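Text of the file start_18.pdb, holding PDB, C-alpha atoms:
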ATOM      1  CA  GLU A   1       3.381  11.676  15.762
ATOM      2  CA  LEU A   2       3.747  14.517  18.239
ATOM      3  CA  VAL A   3       7.293  15.591  19.002
ATOM      4  CA  LEU A   4       8.907  18.160  21.247
ATOM      5  CA  GLY A   5      10.986  20.661  19.321
ATOM      6  CA  SER A   6      13.527  19.247  16.905
ATOM      7  CA  GLY A   7      14.044  15.851  18.524
ATOM      8  CA  GLY A   8      11.324  14.737  20.894
ATOM      9  CA  ASN A   9      11.205  11.086  19.855
ATOM     10  CA  PRO A  10      13.903   9.051  18.085
ATOM     11  CA  GLY A  11      13.150   8.757  14.383
ATOM     12  CA  LEU A  12      10.480  11.488  14.395
ATOM     13  CA  PRO A  13      12.025  14.786  13.277
ATOM     14  CA  GLY A  14      10.308  17.893  14.596
ATOM     15  CA  ALA A  15      10.002  21.428  13.369
ATOM     16  CA  GLY A  16      12.940  22.920  15.233
ATOM     17  CA  THR A  17      12.881  24.978  18.385
ATOM     18  CA  ASN A  18      10.603  28.014  18.260
ATOM     19  CA  ASN A  19      10.972  29.403  21.794
ATOM     20  CA  VAL A  20      13.855  28.138  23.907
ATOM     21  CA  PHE A  21      12.243  29.565  27.058
ATOM     22  CA  ASN A  22       8.860  27.868  26.633
ATOM     23  CA  ARG A  23       9.127  24.093  26.459
ATOM     24  CA  ASP A  24       5.356  23.612  26.415
ATOM     25  CA  ALA A  25       5.162  25.597  23.176
ATOM     26  CA  GLN A  26       7.469  23.158  21.359
ATOM     27  CA  LYS A  27       4.897  20.418  20.832
ATOM     28  CA  SER A  28       4.399  19.854  17.131
ATOM     29  CA  LEU A  29       3.497  17.264  14.562
ATOM     30  CA  ALA A  30       6.457  15.298  13.256
ATOM     31  CA  SER A  31       7.534  16.445   9.823
ATOM     32  CA  THR A  32       6.993  12.880   8.553
ATOM     33  CA  SER A  33       3.339  12.792   9.674
ATOM     34  CA  GLN A  34       1.009  11.081   7.184
ATOM     35  CA  PRO A  35      -2.194   9.995   8.976
ATOM     36  CA  HIS A  36      -3.507   7.832   6.150
ATOM     37  CA  ILE A  37      -1.480   5.428   4.038
ATOM     38  CA  PHE A  38      -3.141   2.663   2.027
ATOM     39  CA  VAL A  39      -1.022   0.116   0.161
ATOM     40  CA  THR A  40      -2.264  -2.904  -1.749
ATOM     41  CA  GLY A  41      -0.842  -5.285  -4.310
ATOM     42  CA  PHE A  42      -2.218  -8.169  -6.334
ATOM     43  CA  THR A  43      -1.342 -10.694  -9.017
ATOM     44  CA  TYR A  44      -3.923 -12.229 -11.344
ATOM     45  CA  ASN A  45      -3.501 -15.017 -13.906
ATOM     46  CA  THR A  46      -6.039 -14.869 -16.710
ATOM     47  CA  PRO A  47      -7.869 -18.150 -17.391
ATOM     48  CA  ARG A  48      -8.378 -19.652 -20.814
ATOM     49  CA  TRP A  49     -11.820 -18.262 -21.669
ATOM     50  CA  GLY A  50     -14.421 -19.693 -24.047
ATOM     51  CA  PRO A  51     -14.647 -22.635 -26.413
ATOM     52  CA  ASN A  52     -12.632 -20.997 -29.205
ATOM     53  CA  LYS A  53      -9.056 -22.309 -29.190
ATOM     54  CA  PHE A  54      -7.593 -19.168 -30.763
ATOM     55  CA  VAL A  55      -9.234 -16.895 -28.148
ATOM     56  CA  ARG A  56      -8.083 -19.173 -25.322
ATOM     57  CA  ASN A  57      -4.491 -19.092 -26.564
ATOM     58  CA  VAL A  58      -4.446 -15.308 -27.042
ATOM     59  CA  LEU A  59      -6.167 -14.231 -23.812
ATOM     60  CA  GLY A  60      -5.201 -17.007 -21.435
ATOM     61  CA  ASP A  61      -2.153 -17.384 -19.183
ATOM     62  CA  TRP A  62      -1.327 -13.686 -18.857
ATOM     63  CA  THR A  63      -0.089 -12.490 -15.464
ATOM     64  CA  ILE A  64      -1.321  -9.053 -14.395
ATOM     65  CA  GLY A  65       0.174  -7.459 -11.291
ATOM     66  CA  ALA A  66      -0.156  -4.108  -9.551
ATOM     67  CA  MET A  67       1.234  -2.214  -6.584
ATOM     68  CA  LEU A  68      -0.924   0.734  -5.514
ATOM     69  CA  ARG A  69      -0.153   3.275  -2.791
ATOM     70  CA  TYR A  70      -2.292   6.216  -1.649
ATOM     71  CA  ALA A  71      -1.193   8.502   1.188
ATOM     72  CA  SER A  72      -1.997  11.787   2.884
ATOM     73  CA  GLY A  73       0.003  14.777   1.757
ATOM     74  CA  GLN A  74       3.243  15.845   3.397
ATOM     75  CA  LEU A  75       3.240  18.649   5.932
ATOM     76  CA  ILE A  76       4.448  22.092   4.880
ATOM     77  CA  GLY A  77       6.470  23.870   7.539
ATOM     78  CA  ALA A  78       5.431  27.252   8.888
ATOM     79  CA  PRO A  79       7.713  29.957   7.452
ATOM     80  CA  GLY A  80      10.472  31.526   9.493
ATOM     81  CA  SER A  81       9.923  35.020  10.830
ATOM     82  CA  ASN A  82      11.899  37.961   9.480
ATOM     83  CA  ASN A  83      12.019  39.847  12.783
ATOM     84  CA  ASN A  84      15.348  40.675  14.446
ATOM     85  CA  LEU A  85      15.292  37.894  17.024
ATOM     86  CA  GLY A  86      18.039  35.928  15.324
ATOM     87  CA  THR A  87      20.367  38.915  15.567
ATOM     88  CA  LEU A  88      19.659  39.403  19.270
ATOM     89  CA  LEU A  89      19.659  35.794  20.487
ATOM     90  CA  PHE A  90      21.157  33.835  17.579
ATOM     91  CA  GLN A  91      17.864  31.921  17.651
ATOM     92  CA  GLY A  92      15.238  32.494  14.985
ATOM     93  CA  THR A  93      11.506  31.948  15.355
ATOM     94  CA  ARG A  94       8.508  31.205  13.180
ATOM     95  CA  MET A  95       5.807  33.454  11.800
ATOM     96  CA  ASN A  96       2.373  33.620  13.394
ATOM     97  CA  ARG A  97      -0.680  32.374  11.548
ATOM     98  CA  VAL A  98      -3.321  34.992  10.638
ATOM     99  CA  PRO A  99      -6.814  33.890  11.748
ATOM    100  CA  GLY A 100      -9.391  33.648   8.969
ATOM    101  CA  GLN A 101      -6.887  33.621   6.125
ATOM    102  CA  PRO A 102      -6.788  30.526   3.880
ATOM    103  CA  LEU A 103      -3.434  28.780   3.726
ATOM    104  CA  PHE A 104      -3.795  27.943   0.023
ATOM    105  CA  LEU A 105      -4.761  30.018  -3.001
ATOM    106  CA  LYS A 106      -5.654  26.797  -4.831
ATOM    107  CA  ASP A 107      -6.687  23.409  -3.525
ATOM    108  CA  PRO A 108      -3.554  21.212  -3.791
ATOM    109  CA  ASN A 109      -5.766  18.280  -4.877
ATOM    110  CA  CYS A 110      -7.761  20.125  -7.546
ATOM    111  CA  LYS A 111      -5.660  18.698 -10.436
ATOM    112  CA  CYS A 112      -5.673  22.220 -11.864
ATOM    113  CA  ILE A 113      -2.242  23.451 -10.746
ATOM    114  CA  ASP A 114       0.198  24.663 -13.385
ATOM    115  CA  PRO A 115       3.636  24.560 -11.691
ATOM    116  CA  ARG A 116       5.023  26.961 -14.307
ATOM    117  CA  GLN A 117       2.848  29.851 -13.197
ATOM    118  CA  ASP A 118       0.763  29.031 -10.090
ATOM    119  CA  LEU A 119       1.986  30.115  -6.646
ATOM    120  CA  VAL A 120      -0.380  28.100  -4.490
ATOM    121  CA  LEU A 121       0.496  29.286  -0.962
ATOM    122  CA  ASN A 122      -1.149  32.386   0.514
ATOM    123  CA  PRO A 123       1.374  34.949   1.867
ATOM    124  CA  ALA A 124      -1.435  36.777   3.706
ATOM    125  CA  ALA A 125      -1.891  33.717   5.954
ATOM    126  CA  TRP A 126       1.277  34.583   7.890
ATOM    127  CA  THR A 127       2.586  37.593   9.776
ATOM    128  CA  ASP A 128       5.969  38.284  11.313
ATOM    129  CA  ALA A 129       6.364  37.858  15.039
ATOM    130  CA  PRO A 130       6.776  41.249  16.760
ATOM    131  CA  ALA A 131      10.330  42.592  16.832
ATOM    132  CA  GLY A 132      12.400  40.921  19.529
ATOM    133  CA  GLN A 133       9.690  38.365  20.394
ATOM    134  CA  PHE A 134       9.227  34.680  19.781
ATOM    135  CA  GLY A 135       6.440  33.539  17.493
ATOM    136  CA  THR A 136       3.507  31.698  19.042
ATOM    137  CA  GLY A 137       2.589  29.439  16.125
ATOM    138  CA  ALA A 138       3.275  25.738  15.673
ATOM    139  CA  GLY A 139       5.901  24.341  13.349
ATOM    140  CA  PHE A 140       3.376  22.270  11.408
ATOM    141  CA  TYR A 141      -0.413  22.406  11.068
ATOM    142  CA  ASN A 142      -2.544  19.425  10.145
ATOM    143  CA  ASP A 143      -4.482  21.503   7.586
ATOM    144  CA  TYR A 144      -1.263  22.778   5.989
ATOM    145  CA  ARG A 145      -0.546  19.696   3.910
ATOM    146  CA  TRP A 146       0.499  19.314   0.341
ATOM    147  CA  GLN A 147      -1.389  17.201  -2.217
ATOM    148  CA  ARG A 148      -2.173  13.550  -1.593
ATOM    149  CA  GLN A 149       0.509  11.143  -2.799
ATOM    150  CA  VAL A 150      -0.474   8.563  -5.424
ATOM    151  CA  SER A 151       1.675   5.735  -6.781
ATOM    152  CA  GLU A 152       0.140   3.272  -9.272
ATOM    153  CA  ASN A 153       2.427   0.676 -10.854
ATOM    154  CA  VAL A 154       1.188  -2.163 -13.084
ATOM    155  CA  SER A 155       2.877  -5.097 -14.807
ATOM    156  CA  LEU A 156       1.784  -7.480 -17.558
ATOM    157  CA  GLY A 157       3.593 -10.648 -18.608
ATOM    158  CA  ARG A 158       3.298 -14.098 -20.086
ATOM    159  CA  ARG A 159       5.340 -17.246 -20.461
ATOM    160  CA  PHE A 160       5.289 -19.185 -23.738
ATOM    161  CA  SER A 161       6.426 -22.781 -24.044
ATOM    162  CA  ILE A 162       8.436 -23.675 -27.152
ATOM    163  CA  LYS A 163       8.454 -27.448 -27.300
ATOM    164  CA  GLU A 164       9.369 -28.930 -23.920
ATOM    165  CA  ARG A 165      12.813 -27.466 -23.395
ATOM    166  CA  TYR A 166      12.421 -23.753 -24.110
ATOM    167  CA  LYS A 167      10.438 -21.159 -22.208
ATOM    168  CA  PHE A 168      10.013 -17.644 -23.587
ATOM    169  CA  HIS A 169       9.017 -14.858 -21.170
ATOM    170  CA  ILE A 170       7.810 -11.359 -22.046
ATOM    171  CA  ARG A 171       6.998  -8.638 -19.529
ATOM    172  CA  ALA A 172       5.946  -4.987 -19.556
ATOM    173  CA  GLU A 173       6.041  -2.730 -16.504
ATOM    174  CA  PHE A 174       4.264   0.611 -16.176
ATOM    175  CA  PHE A 175       5.323   2.997 -13.412
ATOM    176  CA  ASN A 176       2.843   5.783 -12.580
ATOM    177  CA  ILE A 177       0.658   4.232 -15.268
ATOM    178  CA  PHE A 178      -1.946   7.047 -15.282
ATOM    179  CA  ASN A 179       0.760   9.735 -15.268
ATOM    180  CA  HIS A 180      -0.634  11.283 -12.091
ATOM    181  CA  PRO A 181       1.246  14.525 -11.258
ATOM    182  CA  ASN A 182       2.877  14.271  -7.828
ATOM    183  CA  PHE A 183       4.539  17.624  -7.257
ATOM    184  CA  GLY A 184       7.248  18.147  -4.670
ATOM    185  CA  LEU A 185       6.687  20.481  -1.734
ATOM    186  CA  PRO A 186       6.353  24.134  -2.783
ATOM    187  CA  ASN A 187       8.706  26.782  -1.459
ATOM    188  CA  SER A 188       7.282  27.887   1.917
ATOM    189  CA  SER A 189       9.570  30.861   2.619
ATOM    190  CA  ILE A 190       7.849  34.237   2.503
ATOM    191  CA  GLY A 191       9.051  36.129  -0.565
ATOM    192  CA  PRO A 192       8.549  36.391  -4.348
ATOM    193  CA  THR A 193       8.870  32.612  -4.813
ATOM    194  CA  LEU A 194       6.458  31.589  -2.040
ATOM    195  CA  GLY A 195       4.491  28.599  -3.312
ATOM    196  CA  LEU A 196       6.834  27.951  -6.245
ATOM    197  CA  ILE A 197       6.850  24.285  -7.315
ATOM    198  CA  SER A 198      10.195  23.181  -8.718
ATOM    199  CA  SER A 199      10.192  19.387  -8.459
ATOM    200  CA  THR A 200       8.126  16.198  -8.483
ATOM    201  CA  SER A 201       8.033  13.548  -5.772
ATOM    202  CA  VAL A 202       7.109  10.750  -8.216
ATOM    203  CA  PRO A 203       8.518  10.678 -11.786
ATOM    204  CA  GLU A 204       6.248  10.920 -14.816
ATOM    205  CA  ARG A 205       4.963   7.698 -16.402
ATOM    206  CA  GLN A 206       7.741   5.282 -17.311
ATOM    207  CA  ILE A 207       7.438   2.034 -19.302
ATOM    208  CA  GLN A 208       9.951  -0.771 -19.582
ATOM    209  CA  PHE A 209       9.914  -4.098 -21.424
ATOM    210  CA  GLY A 210      11.745  -7.317 -20.710
ATOM    211  CA  VAL A 211      12.324 -10.545 -22.622
ATOM    212  CA  LYS A 212      13.850 -13.775 -21.298
ATOM    213  CA  LEU A 213      14.565 -17.136 -22.903
ATOM    214  CA  ALA A 214      14.974 -20.090 -20.518
ATOM    215  CA  PHE A 215      16.347 -23.407 -21.687
TER     216      PHE A 215
END

Show how you would write the structure in this file as structure tokens.
Amino acid sequence: ELVLGSGGNPGLPGAGTNNVFNRDAQKSLASTSQPHIFVTGFTYNTPRWGPNKFVRNVLGDWTIGAMLRYASGQLIGAPGSNNNLGTLLFQGTRMNRVPGQPLFLKDPNCKCIDPRQDLVLNPAAWTDAPAGQFGTGAGFYNDYRWQRQVSENVSLGRRFSIKERYKFHIRAEFFNIFNHPNFGLPNSSIGPTLGLISSTSVPERQIQFGVKLAF
């Protein structure tokens, strides 16, 4: 997942060129880097439990399915520097990271973020490159990641036989069943809106129902 500048490897976008005169300084994580992704799916048909006929008919023959995905958070790009390099060389550069300063004001995975009022990125973690000089920082840092991505979708359905000829199907599907908040990347540009969250990467819980008659 390491790339060189803005296009080191096909299909792996980089962070853009930071110093056109120092190729060795262009190594960076790809913007699509997600070290851990776990995906699983299953389908389960409920058996007809117990000796009671009514219970067997009510609880048996249901099909339960799920598709679950858990992934590392997306990388947040280092902010661009506001020095005058772009005016001199028509080539901007990135800010330098301040040692000892936390990158976040709140843990992205704390489940305590209010996107209407919390600015979660720390502006003190970055400083402008000196006037007329290229920044020395990387485009992406492995510890500068947004919250983990969670997708949990579940379905429930059953087929009923009406005599021999007719089959009646019902199905319910639940997307993001636990309504887990997956916020989009916060604004990473230094300024009054640094850390502002204005979108979600996964919609809120959605439920849909389906009915089918086969004959």

Could you tell me which residues the PyMOL selection byres ((chain A and resi 59-75) around 6) grabs in this file, written as a PDB file with C-alpha atoms, in the frame of the given file?
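Output contents, as saved in selection_34.pdb:
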ATOM      1  CA  GLN A  34       1.009  11.081   7.184  1.00  0.00           C
ATOM      2  CA  HIS A  36      -3.507   7.832   6.150  1.00  0.00           C
ATOM      3  CA  ILE A  37      -1.480   5.428   4.038  1.00  0.00           C
ATOM      4  CA  PHE A  38      -3.141   2.663   2.027  1.00  0.00           C
ATOM      5  CA  VAL A  39      -1.022   0.116   0.161  1.00  0.00           C
ATOM      6  CA  THR A  40      -2.264  -2.904  -1.749  1.00  0.00           C
ATOM      7  CA  GLY A  41      -0.842  -5.285  -4.310  1.00  0.00           C
ATOM      8  CA  PHE A  42      -2.218  -8.169  -6.334  1.00  0.00           C
ATOM      9  CA  THR A  43      -1.342 -10.694  -9.017  1.00  0.00           C
ATOM     10  CA  TYR A  44      -3.923 -12.229 -11.344  1.00  0.00           C
ATOM     11  CA  ASN A  45      -3.501 -15.017 -13.906  1.00  0.00           C
ATOM     12  CA  THR A  46      -6.039 -14.869 -16.710  1.00  0.00           C
ATOM     13  CA  PRO A  47      -7.869 -18.150 -17.391  1.00  0.00           C
ATOM     14  CA  ARG A  48      -8.378 -19.652 -20.814  1.00  0.00           C
ATOM     15  CA  VAL A  55      -9.234 -16.895 -28.148  1.00  0.00           C
ATOM     16  CA  ARG A  56      -8.083 -19.173 -25.322  1.00  0.00           C
ATOM     17  CA  ASN A  57      -4.491 -19.092 -26.564  1.00  0.00           C
ATOM     18  CA  VAL A  58      -4.446 -15.308 -27.042  1.00  0.00           C
ATOM     19  CA  ILE A  76       4.448  22.092   4.880  1.00  0.00           C
ATOM     20  CA  ARG A 145      -0.546  19.696   3.910  1.00  0.00           C
ATOM     21  CA  TRP A 146       0.499  19.314   0.341  1.00  0.00           C
ATOM     22  CA  GLN A 147      -1.389  17.201  -2.217  1.00  0.00           C
ATOM     23  CA  ARG A 148      -2.173  13.550  -1.593  1.00  0.00           C
ATOM     24  CA  GLN A 149       0.509  11.143  -2.799  1.00  0.00           C
ATOM     25  CA  VAL A 150      -0.474   8.563  -5.424  1.00  0.00           C
ATOM     26  CA  SER A 151       1.675   5.735  -6.781  1.00  0.00           C
ATOM     27  CA  GLU A 152       0.140   3.272  -9.272  1.00  0.00           C
ATOM     28  CA  ASN A 153       2.427   0.676 -10.854  1.00  0.00           C
ATOM     29  CA  VAL A 154       1.188  -2.163 -13.084  1.00  0.00           C
ATOM     30  CA  SER A 155       2.877  -5.097 -14.807  1.00  0.00           C
ATOM     31  CA  LEU A 156       1.784  -7.480 -17.558  1.00  0.00           C
ATOM     32  CA  GLY A 157       3.593 -10.648 -18.608  1.00  0.00           C
ATOM     33  CA  ARG A 158       3.298 -14.098 -20.086  1.00  0.00           C
TER      34      ARG A 158
END

* For the structure provided, state which residues fall under the PyMOL selection byres ((chain A and resi 176) around 8), and present them as a list in words. => Ser151, Glu152, Asn153, Phe174, Phe175, Ile177, Phe178, Asn179, His180, Val202, Pro203, Glu204, Arg205 and Gln206 of chain A

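Here the PyMOL selection byres ((chain A and resi 126-131) around 7) matches the residues Ser81, Asn82, Asn83, Asn84, Leu85, Met95, Asn96, Arg97, Val98, Pro123, Ala124, Ala125, Gly132, Gln133, Phe134 and Gly135 of chain A.
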
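In this comparison, which uses only C-alpha atoms, the residue of A:Asp143, A:Asp114, A:Asp107, A:Glu173 approaching Ile197 in chain A most closely is A:Asp114.
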
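Atom pair CA of Gly184 in chain A / CA of Ser199 in chain A has a distance of 5.0 Å (rounded to one decimal).
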
* Asked: With distances taken over only C-alpha atoms, which of A:Val20, A:Leu29, A:Leu196, A:Val211 is nearest to Leu89 in chain A?
  ->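 Using only C-alpha atoms, the shortest distance to Leu89 in chain A belongs to A:Val20.
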
Extract range 196-212 of chain A from the coordinates I pasted, and write it as an mmCIF file, in the first residue's frame (atoms kept: N, CA and C atoms).
data_model
loop_
_atom_site.group_PDB
_atom_site.id
_atom_site.type_symbol
_atom_site.label_atom_id
_atom_site.label_comp_id
_atom_site.auth_asym_id
_atom_site.auth_seq_id
_atom_site.Cartn_x
_atom_site.Cartn_y
_atom_site.Cartn_z
ATOM 1 N N LEU A 196 -14.837 19.493 10.920
ATOM 2 C CA LEU A 196 -16.284 19.510 10.740
ATOM 3 C C LEU A 196 -16.743 18.260 9.997
ATOM 4 N N ILE A 197 -17.772 17.604 10.525
ATOM 5 C CA ILE A 197 -18.343 16.404 9.900
ATOM 6 C C ILE A 197 -19.639 16.808 9.211
ATOM 7 N N SER A 198 -19.726 16.568 7.913
ATOM 8 C CA SER A 198 -20.895 17.032 7.167
ATOM 9 C C SER A 198 -21.586 15.925 6.378
ATOM 10 N N SER A 199 -21.165 14.671 6.579
ATOM 11 C CA SER A 199 -21.773 13.594 5.802
ATOM 12 C C SER A 199 -21.627 12.268 6.540
ATOM 13 N N THR A 200 -22.300 11.251 6.030
ATOM 14 C CA THR A 200 -22.148 9.883 6.528
ATOM 15 C C THR A 200 -21.675 8.996 5.385
ATOM 16 N N SER A 201 -20.901 7.971 5.720
ATOM 17 C CA SER A 201 -20.426 7.040 4.701
ATOM 18 C C SER A 201 -21.362 5.847 4.539
ATOM 19 N N VAL A 202 -22.195 5.595 5.536
ATOM 20 C CA VAL A 202 -23.217 4.540 5.481
ATOM 21 C C VAL A 202 -24.533 5.168 5.941
ATOM 22 N N PRO A 203 -25.624 5.014 5.176
ATOM 23 C CA PRO A 203 -26.896 5.630 5.581
ATOM 24 C C PRO A 203 -27.397 5.095 6.916
ATOM 25 N N GLU A 204 -28.314 5.845 7.531
ATOM 26 C CA GLU A 204 -28.949 5.384 8.763
ATOM 27 C C GLU A 204 -29.758 4.119 8.488
ATOM 28 N N ARG A 205 -30.254 3.483 9.561
ATOM 29 C CA ARG A 205 -30.980 2.217 9.390
ATOM 30 C C ARG A 205 -32.135 2.370 8.408
ATOM 31 N N GLN A 206 -32.221 1.386 7.499
ATOM 32 C CA GLN A 206 -33.308 1.355 6.522
ATOM 33 C C GLN A 206 -33.927 -0.043 6.532
ATOM 34 N N ILE A 207 -35.254 -0.083 6.414
ATOM 35 C CA ILE A 207 -35.994 -1.362 6.445
ATOM 36 C C ILE A 207 -36.890 -1.432 5.222
ATOM 37 N N GLN A 208 -36.878 -2.586 4.564
ATOM 38 C CA GLN A 208 -37.785 -2.782 3.438
ATOM 39 C C GLN A 208 -38.437 -4.164 3.515
ATOM 40 N N PHE A 209 -39.656 -4.244 3.015
ATOM 41 C CA PHE A 209 -40.435 -5.483 3.049
ATOM 42 C C PHE A 209 -40.796 -5.891 1.628
ATOM 43 N N GLY A 210 -40.860 -7.202 1.429
ATOM 44 C CA GLY A 210 -41.247 -7.716 0.120
ATOM 45 C C GLY A 210 -42.216 -8.882 0.246
ATOM 46 N N VAL A 211 -43.117 -8.978 -0.705
ATOM 47 C CA VAL A 211 -44.106 -10.060 -0.743
ATOM 48 C C VAL A 211 -44.162 -10.599 -2.175
ATOM 49 N N LYS A 212 -44.202 -11.917 -2.305
ATOM 50 C CA LYS A 212 -44.279 -12.526 -3.641
ATOM 51 C C LYS A 212 -45.209 -13.727 -3.605
#
